[in-house]
Structure formats: structure tokens, C-alpha cells
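**Q** Next up is a structure, given as C-alpha cells.
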Amino acid sequence: SAVISQKPSRDICQRGTSLTIQCQVDSQVTMMFWYRQQPGQSLTLIATANQGSEATYESGFVIDKFPISRPNLTFSTLTVSNMSPEDSSIYLCSVDGQDSYEQYFGPGTRLTVT
Amino acid sequence: AQSVAQPEDQVNVAEGNPLTVKCTYSVSGNPYLFWYVQYPNRGLQFLLKYITGDNLVKGSYGFEAEFNKSQTSFHLKKPSALVSDSALYFCAVRPYSGAGSYQLTFGKGTKLSVIP
């Protein structure tokens with residue numbers, strides 16, 4: 001299984017600002033995913049990030065609000081732009097388990113917007 | 001599009017008793033099914049999966065799950081619950097093939113509380 005780290009683990013931000021979340025994997029992976037988990041809710045896929053191509057966003061999520069970078073096979077960033085209190089959530093990155101079918105998740109970034 | 005239903009928001013069970021957390025799914029074709037657990041202030045940890053073969057799959061921490069194709073269910077079970085099993089449990093599905101086959105769809109989660 002892959003070991004995934006995220007930075008920061010938590011942050012409190014003011015509305016209108018932006019936060020960039022980093023995701024680092026201990027091995028090279030093709031596909032990385034970004035999820036949002038709003039308070040008391042399930043996980044919702046924001047986008048899929050493949051190295052060397054533009055991220056693919058799910059319905060309801062746009063690049064201007066959640067720009068994603070994937071500069072190499074072990075790293076990705078998600079930026080939450082122009083934040084509002086509704087963006088308060090846990091943001092998790094995950095990687096595809098390659099031949100093992102499951103996804104492995106990072107510890108998450110708990111974001112509070114005031 | 002695939003979907004997952006976890007009909008119980010919360011399950012309470014006494015320590016030492018068997019536990020079941022229910023999950024039903026909808027997907028085109030054959031499913032890949034998963035259970036994850038989330039402890040407070042932690043990410044998701046993979047518990048077990050059904051890909052093919054034996055309908056009863058065993059996973060981490062003594063958990064197991066039974067795949068029932070006719071009932072489209074994948075209930076999580078454990079013979080004897082521990083207080084440390086108290087957490088939030090998510091069922092997830094991805095289709096066997098086709099567009100978006102890499103995408104996991106999660107249920108809304110079931111909070112398990114094991115009472116000492």
C-alpha cells in the first residue's frame with residue numbers, strides 16, 4: 001500500500017483568501033484524486049489528477065475555484081480559492097492502488113473558513 | 001451511474017456482541033466493493049474488498065463482509081465487537097469496467113458505537 005502525507009493537517013483561514021494543500025506519495029502513481037468531506041457528510045470527488053495532463057473535474061467543481069497541479073508522479077496540490085465558510089471541510093487526497101483496485105487515502109486537511 | 005446506500009446512520013452494539021453494518025449498491029455490470037473506516041480526525045483506512053471469487057471476504061482487524069449479488073448487498077460484519085471498533089464506516093463501489101471505472105462512489109457512512 002502507498003503511504004500518503006498531506007500538508008497542512010489543518011488550517012483556519014479568512015474568507016476571500018486561498019489555501020494550497022499538498023499531497024505527497026511515497027511511490028510513483030498514475031492517478032491521484034481529491035475529495036471533499038463536508039461536516040457530517042460522505043466523501044465527494046472533486047477531481048482526478050493525472051501527471052502531465054489537466055485535471056478532470058466532477059460536476060459542481062470548477063478549475064477556477066479548485067485549481068490542481070500534478071507536476072510529477074508522487075506529488076499534487078489542490079488550491080481552494082476565494083474561500084467562503086461553505087468551503088469548511090476535510091479535503092483528502094487519494095491514490096489508485098494500481099493493480100490492487102482500492103484507493104489509499106491521506107490523513108486529510110481540515111479547513112475552517114471564518 | 002453507480003450509487004451506494006447505507007441505511008443506518010448509526011449502529012450501537014454491546015462489546016463482545018456481533019456487529020453488522022449494512023450496505024447495498026447499484027452499478028452497471030460487475031462491481032468492485034470496498035469498506036473503509038474513519039477514526040476521528042483521521043483519514044480513511046482500507047478494511048477489505050470484494051473483487052471476484054468467494055463471496056465472503058476477510059479484512060483487517062477481524063472484519064469480514066459478504067457479497068450477495070442477488071440482493072446487491074455487501075454487509076460488513078464482525079463476530080465480536082471491540083470498543084476500539086467505534087468509528088465511522090463507509091461502503092464504496094466502483095464499476096468493473098467502462099467510463100469512470102476508476103472512480104469510487106461512497107455511501108454516506110454509518111457511525112458504529114460499541115458500548116462497554
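Starting from 1 in every chain, residues are counted up; chains themselves are A, B, ... following the order of the C-alpha cells, and ligands are numbered from 1 as listed.
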If we count only C-alpha atoms, which residues of chain B reach to within 6 Å of chain A? Please list them as a list in words.
**A** Arg42, Gly43, Leu44 and Lys108 of chain B
**Q** Name the residues in contact with Thr17 in chain A at a cut-off of 12 Å, using only C-alpha atoms, excluding same-chain residues fewer than 5 positions from it; report them as a ChimeraX atom specification.
**A** /A:12,65,79-85,87,112-114
**Q** Based on the backbone DSSP call, show me all residues of chain B assigned strand (DSSP E or B), as number ranges by chain.
**A** B: 3-5, 10-14, 19-21, 24-26, 31-38, 44-50, 56-58, 64-68, 73-78, 87-95, 105-106, 110-115
**Q** Could you find all residues in chain B that DSSP calls helix (DSSP H, G or I) from the backbone, and write them as a ChimeraX atom specification?
**A** /B:60-62,83-85
**Q** Within 10 Å of range 72-87 of chain B, counting only C-alpha atoms, which residues show up once you throw out same-chain ones fewer than 5 positions away? Write them as number ranges by chain, please.
**A** B: 4-6, 11-27, 31, 33-35, 37-40, 47-50, 55-58, 61-67, 92-93, 109-116
**Q** To one decimal place in Å, what is the distance between CA of Thr77 in chain A and CA of Gly107 in chain B?
**A** 25.8 Å
**Q** Quick one: residues within 12 Å of Ile46 in chain A, only C-alpha atoms, excluding same-chain residues fewer than 3 positions away - as a ChimeraX atom specification?
**A** /A:32-37,43,49,55-63,65-68,78-80,91-94 /B:103-105
